[in-house]
Structure formats: C-alpha cells, structure tokens
Protein chains: 2
Amino acid sequence: MTDSKTTPMNGAESLVTTLLANGVNVCFTNPGTSEMHFVAALDHIPGMRSILALQEGVATGAADGYYRMTGKPASTLLHLGPGLANGLSNLHNAKKAGSGVVNIIGEHASTHIELDAPLTSDIEGIARPVSHWVHTSKSVATVGADAARAVQSAMTAPGQIASLILPSDTAWNEGGVAHGAIDLPAPAPFDESQLEAAVSALDGPETLLLLGGTALTEANLEIAGRIAAKTGCALLSEWSNARLERGAGRVFIGRVPYPIDIALKVLEPFKQIVLIGARAPIGFFAYPNKPAILTREGAEITTLAAAGADLGGALTALCAAAGATDTDPAHVVTAAQPERPTGRINLDNLAALIARAIPEDGIIVDESVTSGRAFSPATKGAPRHTWLNNCGGSIGYGMPAAIGAAVACPDRKVMCMTGDGSAMYTVQSLWTMAREKLDITVLIFANRSYQILRGELTNVGVQNAGPRAMDMLSLERPTLDWVQMSHSMGVPAVRVSECEELEAALQDGLESGGPNLIEIVL
Amino acid sequence: MTDSKTTPMNGAESLVTTLLANGVNVCFTNPGTSEMHFVAALDHIPGMRSILALQEGVATGAADGYYRMTGKPASTLLHLGPGLANGLSNLHNAKKAGSGVVNIIGEHASTHIELDAPLTSDIEGIARPVSHWVHTSKSVATVGADAARAVQSAMTAPGQIASLILPSDTAWNEGGVAHGAIDLPAPAPFDESQLEAAVSALDGPETLLLLGGTALTEANLEIAGRIAAKTGCALLSEWSNARLERGAGRVFIGRVPYPIDIALKVLEPFKQIVLIGARAPIGFFAYPNKPAILTREGAEITTLAAAGADLGGALTALCAAAGATDTDPAHVVTAAQPERPTGRINLDNLAALIARAIPEDGIIVDESVTSGRAFSPATKGAPRHTWLNNCGGSIGYGMPAAIGAAVACPDRKVMCMTGDGSAMYTVQSLWTMAREKLDITVLIFANRSYQILRGELTNVGVQNAGPRAMDMLSLERPTLDWVQMSHSMGVPAVRVSECEELEAALQDGLESGGPNLIEIVL
C-alpha cells in the first residue's frame, strides 16, 4: 500500500483502494448522483468487478449469495437512503444467514443534509435494523480507515452486515488515505465448559446433535458422522441453512421440518439436544394454541458452540471426547438416482427430476417454498452439491443469491429453484444474469399462488376462507408468463408441464453454460 | 358503530371495522402468515377494496397516488419488517409528497418476538425513518382505537405516514373494540404576522410567489393568478409537485427547473420571494463548487404559509390585502395544440405528441426524468389535466402511483410517463394494473440508460468517464424488451419509434379503457 499512501487521491479512490487491499473485489451496485465519484474511481482503479442491478434488492441478495460461497464479503454501492431501503429485505436475509456484506451508501454532501432535499432521509436509521455496524464518515481523511473497519466488521464470524455511509464531499474531496489490510478477528472459542455435559448427553437415539452454520461443511459433517456412529445420536440441521454440503460420499443430515406439527413430531423423541452453530428449534411463526418451542418439554439443551464460535473446533473436541476420532462416520450417502419419471409433472416426480439433474459440484439455491418440501430425500444420493436456503424468510432471496453464487464460483453450475411468488419480488435479477452471462438455470415453480399461505390460513385458525381471501393469495388473473418475462430481460426460457420436457430443458439449460429459465407449470 | 361495539369481534375485525368507519376503504397489500386474520376479516366484512401487489413497493406507491387524488389515505397491509422494508422507498416518496398513508404491519405474536425467529426484525426501527407516527398495539382491546389514531395522523395536513404494527395475537384474539369516526385535525392557520411583509414584497417582476402543495389546486391557482395580475409578481411552483392542476382555462404556473445552472438563472431576478406551501429552492443534489441555495444572495424570503398550513386561506388573504380580489387572473391558458409531428421520435416531437394526446381530465403521472423536461411548455394548452411529480426522488414511484390514481378516479384516464430505468424498479406494477383492469396508459421512455446520471457525472466534476463507468449507467446488454415484459404480466403493449406509430398507439391505448403500455424507443 506504499503507493496509495503517497499518490494524492480523493475519498472515493481511497475507498476503492482500501476495499481491494482487504480482498473485497466485487461490487453489486445501482449508483446515483451522490455515488458518481465512486463510479469514476471504480472505472479507473482496476481490480473491482462492478455488477449493475436494476433494483437494489438484487444487489444485496447477490452479496448474500457471494459471501456464502466465498466466505468473504462483496461490497454494495447504494444510492442514499432509498437505495439502501430497496435492498433492506435481502440484507435482513443476509443478516439471518450470517453473511458478511460491506454496504457503501452515498449520502448528500455534509452541507446539503440540513437543507432536507427530496432524497434526504435518516440513512443511519434505515441501516440500523439490518446492520451490525453503521458508520458515517466525517471527513475524507478517514474514509479509507472507515472502509477497512467495515470489512473487519463484515468478516466477524459468522459474518456481519456493515453499512458505511459516505457523504459525497468525503468522496470528491482530495486528501483520501487508503488503508492496508486490516486485522481480521478470529472466531470466538467454543464453550469448553459445556464439553463434558455435551459428551454425556450424546447417548443413543434419544439425543440429537443439531448443527448450523459452518458446522455443515463437508469436513465438519464427517466429524459429526463419526460422533453419530459412535454414540448413536441423531443428526439434524436447522430448517434454514446458509450453506449445506450434500450428496454422494458425504454425511447426510436432515433438516428440522417447517410445518409445525411435523416438526413437533420429529423433535419429540429427543430428551437431550447438543447445539453446535444452531439454535434450539422454534416455530417459524406463532400459531394460536400451538407451542412456539418445538423441543419436548424438559428437553435438556446444551450449547457447545453458538453461531460465530469455532464450530469445527467444537466438533473436533466433541468427537475426541466421545472417543470417535477413528470411528467410521455414519450416514455416508451412497450415490443413487431416483427412477426416471414420465408423464405430467407433479410435486413427487418433480423431486425425482431435479435429483437426476443435479450436476457434480452444482450449487442449489432453494427458494422453492411449498413445492420443494420433498426435495431433500429425493436428492440425497445426487452427486456432490451445495444447498443454500433462505435464512430470513423474506421472499425474493433466490435469484439474487444465485447471482452472487455464480459470480463467486464461475466454474460451478447454479440451479435456482424458486416459487413464482418469490421470484416476482426480485424479478429484475434476470437482467443481471443475462448481462453477466452467469451459469444459472432458474426453475420457476409456477403454482400460480402464494400456496404456502393457503395452508397458513388454516394453521392460524381461519375456517372457510371466502373468495376475497383466496383472491389475495392467488397469482392468477392474469397468469404470469415466465417465458416472456425471461425473454424480456434477455434470458432464454421454456415452459414445461411434462416430465420429458423438463428433463430435456434441464439438460439443455445446464449444458448451455449461460443463464436460462424453465417455467414448470404445476 | 353501535353494532360493532356490541357484536363480539377479534382484533382484525375491529381494525377493518374502524378503518371503514374512518373512510379508509382501499387496502393495497401483500400479506403473509402473520396477516392471515386480517385477510380473513377483509374477506367477510364488506366495504374494503383489497388490491394485491406482487412487491410491497407497488402497494406503498399506490397508496401515495391514491392520497394525492382523493385527499384521504388508503391502507397498506404489509408482512412484518421485510414486507415494510420493501415498501420503504415509496413511503419515503409519499412522505416527501405530503401524502397520508395508513400502514398496517403484521408482527409475530407478542410471545414469539423474543424467540428471534427468522422473520423477526426491529419493525418500529424500520418504520421510523419514513413515518410521522409509529405505534405497536399492546393488546387486542386497543387495536380499534390505535387504528383510528393512525387515520388521524395520516389525515394531519398535508398528509402523514402512519405505521401501525399489530402483533398477530392482537389480531386473532377475541375482544376487539371498533372505534368510530375520529376527529380530524384542521390545518394550522397561515402566518398572519407575515401578511403585511408578503404584500409589500409582491411588487413587480423582481418578486416571486412560489407555491406548493394544495396551493396548486385550480381554485388556488386562480387566486394566485389574480395576485400576479395585480402586482406583476412572477409565479412558480417547486420542481416536484404532489399534484398540480393544469391545462386550458386554468392559471399556468411553471416549475423551478431541476438542472442546477438553469435553476440559478431562472431564480436570479427575484429579490423578494413569498412562499405559500413551498420551501425556498435548494439544489436536488450538492455539486462541488456550486451553491446549494438557489435563490440570489440577499433575496428576502417571506414564508406566509408552510406545508400543512391553510394555504387557500393564505392565498385568499394575500389576494385581498393586495386588492386583487376582483382582478382578472393573469396567465390563464388558452387551449392550444402543437402541430402534428411526423417522422422519427425525438425528445421535441415526443412532447408535442404527448400534448396532443392528453385527454380532458386526464391524470399524468410523471416519472419521465430526462426525457420529460420539455413537456411542461408543450403541454401547457392541453385540455384540463392533473400532473403528479415524484417528490422524494426515489425512482420506481410512477407505475405504482398510477395504480393509486386510477383506483382513486375510475372515471378519469391515467397516463403514466416513465423512464425505463425507473419503471424497472417496480415493474411488478403491470400485473396489478392488469388484474384490476385499470385505465392506465404507460409510456416507457426507452433511452436504455440511466441518462440523468450521464449528466450528473459531469456535474460532479468527473471528466472523461471510461467504459466501466458508462457501463454502470447503461441499460443495454441486454436491451429490455418492454413489449414482452408487459405481455408477461397481462398488459397489452406495442413498441414505437415513429411519430405516427405513437400517435396511433396513444389513441388506441387511451380508448381501450384498460391498462396498456407503449415502449417508445428513443
């Protein structure tokens, strides 16, 4: 960084130089007037891949997917409070996933803020609910150091949302000072005081080892498999996992189900639960007259390592303490393919078709909502692949996260499975996929309704919902035409309703190496 | 409301009953699980028109347009923090426009919040930056009264954003108490102490009477026209007006221009400025080495009535004090139509074509950004019409606001003029237009770039922007196909590049009585 300290630079240049020095070399953006100096700096300082999104929800969701696949943050460049606001719900999802993101938000020049111009807003106030770290730079001289601190915050395990607000005069003024690589915090140690309790809890099929976060890497799952083989404990992951390694040759782990009655039944047997990177299971929503805590009454819960702690260390120590270090892991998956289905597509044969299509080392971004509940068992024996869930529950995460994953892993194929209702939320994603020629196959599960809510109406106790209620959960009148939608943004697309059609479309799409969309009429 | 007080009801029913009793009978919504009881109540209590949006930015922008055309709030029904977050930027625009909106935001059941479920967030924190009033109901018994207070806040002049957060147990529990019509606050009186100063300031062409808000109704503009005729003062409105009445037979008022150098020149002559419902002109953005205050140095500024005060009263009193009550108004517009242009469409003949197409009593929603700067003079002599600007500067306001205007005024035709970049932000609007069969003609000005930012790059002092910078301002690679986009959501569409084509498309579209889209290739 000697160069950067001696060459005169403006604040925007100090920002870009600092981000690059700290390994942040992708920027998902939709800039405006207050960010024009950053655009100029991104133009003439080489090294940052800038990716334009036509709505900021695409940019922030992409940053989420990017972090999950690289373990390092992308930057976003957002236009004032409203630009940040548009990206807020996918920052919520990223926060819940433990993804690190460095948001750069332009602000009016310091002298302009008090004038209350049309675009003036409380940017810090908008950022705070979704951010771990919020800071407004006070002068051009600190922009570089502030950016380095933002990266440091974003890299705090398991990954945090850092929002740096830069008044435009701090960007355009001369006097920028680039900061070199900042020290990154190590993850917190796991809770050794709980190790003995955890080992004694792990005793037979009435015990559950519940894993989350980076406990779900291939290596850590293998350790968990050894523990399960030795102690007879069950293994589960949370319902939503930021990243889960799956497929043939790896240790299989199921998920705590979403539907509350099924979740209660699955968790009922467990008298002891050991948590590593996971939280004790609770309901996604509250329902009248149903419990919110899903574990059996009196279950003994031991937290060996919370999210952000050294999860691999916790698993290794637990494995050693259980005497399982040399035990062969249980639940190792044998390669298996469901039979080739034919005829009209339904939810069962859909799972089989997807399982048969998953490519080696594929990345599956899953926002399949109701359509995808049968996918887990069907895809168990597919080739090795990575599975990403929506961790914050705000729909519209899927296509943006697929963009981030594809940018992160240009040599891997991405399958993005999304409900039609979810996909509409950030439909602008298709354009960015086309522009960046990303290797993404988008599967739209077109059940033409917010299907999940039909079940939820009953779950919350609403009987005999009338036509006006059902209308509010329907995506018909008019029917969305996903093929035209996709074409309109430059992504090739087909519509299928028969198994043979989907099989062919998946093969063509995955082989194409570029973005493509398949509308699956359900 | 006797009935509602004696019939047992749950909290959701008390909400809907209260909103209806307070004149709120439109709900723009995208509900989720935590709002299912409201969906049920909307189903079985008649009177509320519920309109589904496929992304919440459409819902909140529609509420903005609806208020501008009715002077009363619509409700929105939003799913938890993320649903609110998606609607935030158009709430920002509504706030800056002085539009009243009643947001109903579902929250987890009170007992569920502390469990930090995936969708848990700081809803009050998300709401606060765009709201004048934020409240979380503490019990089912207060939901009705809380809803009435929300309407009261939304109806506080000029119109406010009220955000009511309802934990789902306050919705599903029995014990709801509906509230009847609540007292609505009168606008503040204008500042009589400034009347004398204002009258003496209004003296010839070096004085400007600058108007905003409801000072721009037909009746108030007529009063302003009398004052101008008597005193020789100039009339201007702000750059962005929530609602401006224009056209033949009305008093014409120009707008303070957006481009800073032109604005400075237009305002330079005025040594005295009287403000009624407007603020002293400032730059939309700050630019290096340019002033932020656009009025000449030493200009004497008199605020007779701020936004939210009795603007009609201020104008009437000023008119009387100036002895202009019986003066014929100046600047009354004579009906005039530009000549019929032919050939390839460009920005000049586009203005003429639009001027010729404006229907009697049409509503023009203007998010035309760079393409529309010539529209004001060209459309001056068109038939009487209403013009709505984006007041908050966050793009994506146009199509949603058009929805709200069309719902508010089913007997009037709406023309929505929007840049392609802006339209992409809330492109989901097209589906709601189709579903509700709204009489909206959408004009997409397809210059295939964030054209405004190309100018802004230069304005902020960036010279010789390179290809990577220009790429971030371009909507090409791929080119958006608005005809397919529109068809995909059920709205008929055509693409035009010749004047004759646009003329025919405008005639067909406006006569169709339903939603339609014209992509104008520029």
# chains A, B, ... in the order shown; residues from 1 in each chain; ligands from 1
call {"tool": "calpha_fit_rmsd", "arguments": {"fixed": "chain A", "moving": "chain B"}}
result
0.0 Å
call {"tool": "interface_residues", "arguments": {"of": "chain B", "to": "chain A", "cutoff": "7 Å", "atoms": "only C-alpha atoms", "output": "VMD selection string"}}
result
chain B and resid 32 to 33 36 to 37 39 to 40 43 52 54 to 55 82 85 to 86 88 to 89 96 108 to 109 112 117 to 119 121 to 122 125 to 126 129 284 to 286 292 391 to 394 424 to 425 434 to 435 453 456 to 457 462 465 to 466 468 to 469 472 477 to 478 480 to 482 484 to 485 488 to 490
call {"tool": "select_by_dssp", "arguments": {"residues": "range 373-473 of chain A", "states": "alpha helix (DSSP H)", "output": "PyMOL selection string"}}
result
chain A and resi 375-378+398-408+420-425+429-435+451-459+467-471
call {"tool": "write_last_selection", "arguments": {"atoms": "C-alpha atoms", "output": "PDB file, in the first residue's frame"}}
result
ATOM      1  CA  PHE A 375     -36.632 -32.403  -2.458  1.00  0.00           C
ATOM      2  CA  SER A 376     -34.410 -33.328   0.467  1.00  0.00           C
ATOM      3  CA  PRO A 377     -34.932 -37.108   0.495  1.00  0.00           C
ATOM      4  CA  ALA A 378     -35.098 -37.356  -3.299  1.00  0.00           C
ATOM      5  CA  GLY A 398     -33.398 -16.813  -4.523  1.00  0.00           C
ATOM      6  CA  MET A 399     -32.494 -15.286  -7.875  1.00  0.00           C
ATOM      7  CA  PRO A 400     -30.255 -12.596  -6.325  1.00  0.00           C
ATOM      8  CA  ALA A 401     -28.429 -15.182  -4.199  1.00  0.00           C
ATOM      9  CA  ALA A 402     -27.956 -17.283  -7.331  1.00  0.00           C
ATOM     10  CA  ILE A 403     -26.273 -14.300  -8.979  1.00  0.00           C
ATOM     11  CA  GLY A 404     -23.894 -13.962  -6.047  1.00  0.00           C
ATOM     12  CA  ALA A 405     -23.118 -17.681  -6.030  1.00  0.00           C
ATOM     13  CA  ALA A 406     -22.467 -17.727  -9.769  1.00  0.00           C
ATOM     14  CA  VAL A 407     -20.162 -14.709  -9.535  1.00  0.00           C
ATOM     15  CA  ALA A 408     -18.352 -16.377  -6.637  1.00  0.00           C
ATOM     16  CA  ASP A 420     -43.346 -17.885  -8.781  1.00  0.00           C
ATOM     17  CA  GLY A 421     -44.498 -15.596  -5.995  1.00  0.00           C
ATOM     18  CA  SER A 422     -40.973 -15.366  -4.572  1.00  0.00           C
ATOM     19  CA  ALA A 423     -39.357 -14.850  -7.960  1.00  0.00           C
ATOM     20  CA  MET A 424     -41.563 -11.856  -8.733  1.00  0.00           C
ATOM     21  CA  TYR A 425     -40.130  -9.982  -5.762  1.00  0.00           C
ATOM     22  CA  SER A 429     -32.390 -10.378 -11.319  1.00  0.00           C
ATOM     23  CA  LEU A 430     -32.887 -11.982 -14.725  1.00  0.00           C
ATOM     24  CA  TRP A 431     -31.405  -8.963 -16.465  1.00  0.00           C
ATOM     25  CA  THR A 432     -28.219  -9.068 -14.378  1.00  0.00           C
ATOM     26  CA  MET A 433     -27.904 -12.807 -15.059  1.00  0.00           C
ATOM     27  CA  ALA A 434     -28.089 -12.084 -18.780  1.00  0.00           C
ATOM     28  CA  ARG A 435     -25.688  -9.153 -18.650  1.00  0.00           C
ATOM     29  CA  GLN A 451     -49.516 -21.635  -1.945  1.00  0.00           C
ATOM     30  CA  ILE A 452     -47.867 -21.571   1.466  1.00  0.00           C
ATOM     31  CA  LEU A 453     -50.404 -19.040   2.710  1.00  0.00           C
ATOM     32  CA  ARG A 454     -53.324 -21.275   1.838  1.00  0.00           C
ATOM     33  CA  GLY A 455     -52.010 -23.680   4.442  1.00  0.00           C
ATOM     34  CA  GLU A 456     -51.210 -20.883   6.851  1.00  0.00           C
ATOM     35  CA  LEU A 457     -54.783 -19.570   6.737  1.00  0.00           C
ATOM     36  CA  THR A 458     -55.902 -22.881   8.199  1.00  0.00           C
ATOM     37  CA  ASN A 459     -52.944 -23.051  10.604  1.00  0.00           C
ATOM     38  CA  PRO A 467     -63.297 -15.831  -2.390  1.00  0.00           C
ATOM     39  CA  ARG A 468     -61.876 -12.420  -1.491  1.00  0.00           C
ATOM     40  CA  ALA A 469     -59.367 -14.006   0.862  1.00  0.00           C
ATOM     41  CA  MET A 470     -58.401 -16.657  -1.666  1.00  0.00           C
ATOM     42  CA  ASP A 471     -58.015 -13.950  -4.290  1.00  0.00           C
TER      43      ASP A 471
END
call {"tool": "closest_residue", "arguments": {"among": "A:Met417, A:Ala63, A:Ile253, A:Ala186", "to": "Leu209 in chain A", "atoms": "only C-alpha atoms"}}
result
A:Ile253
call {"tool": "closest_residue", "arguments": {"among": "B:Val134, B:Val24, B:Ala234, B:Ala242", "to": "Asp64 in chain B", "atoms": "only C-alpha atoms"}}
result
B:Ala242
call {"tool": "select_by_dssp", "arguments": {"residues": "range 51-189 of chain B", "states": "strand (DSSP E or B)", "output": "short mmCIF file (atom, residue, chain, number, x, y, z; two decimals) with C-alpha atoms, in the first residue's frame"}}
result
data_model
loop_
_atom_site.label_atom_id
_atom_site.label_comp_id
_atom_site.auth_asym_id
_atom_site.auth_seq_id
_atom_site.Cartn_x
_atom_site.Cartn_y
_atom_site.Cartn_z
CA ILE B 51 -55.72 -4.87 -4.11
CA LEU B 52 -52.87 -7.34 -4.33
CA ALA B 74 -55.51 4.18 1.70
CA SER B 75 -54.30 1.44 3.97
CA THR B 76 -51.47 -0.92 3.19
CA LEU B 77 -51.24 -4.39 4.71
CA LEU B 78 -47.61 -5.48 4.91
CA HIS B 79 -45.87 -8.64 6.11
CA VAL B 101 -50.89 6.59 4.31
CA VAL B 102 -52.07 4.14 6.96
CA ASN B 103 -49.63 1.23 7.05
CA ILE B 104 -50.81 -1.90 8.84
CA ILE B 105 -47.81 -4.11 9.52
CA GLY B 106 -48.20 -7.60 10.90
CA GLU B 107 -45.82 -8.68 13.65
CA TRP B 133 -46.35 8.16 13.62
CA VAL B 134 -45.33 4.65 14.69
CA HIS B 135 -47.18 2.50 17.19
CA THR B 136 -47.28 -1.16 18.18
CA ILE B 161 -47.28 8.40 7.13
CA ALA B 162 -48.78 6.41 10.00
CA SER B 163 -47.42 2.94 10.71
CA LEU B 164 -49.43 0.67 12.98
CA ILE B 165 -47.74 -2.58 13.97
CA LEU B 166 -50.08 -5.37 15.05
CA PRO B 167 -48.73 -8.50 16.77
CA GLU B 174 -61.33 -12.02 20.74
CA ALA B 188 -52.67 25.04 11.00
#
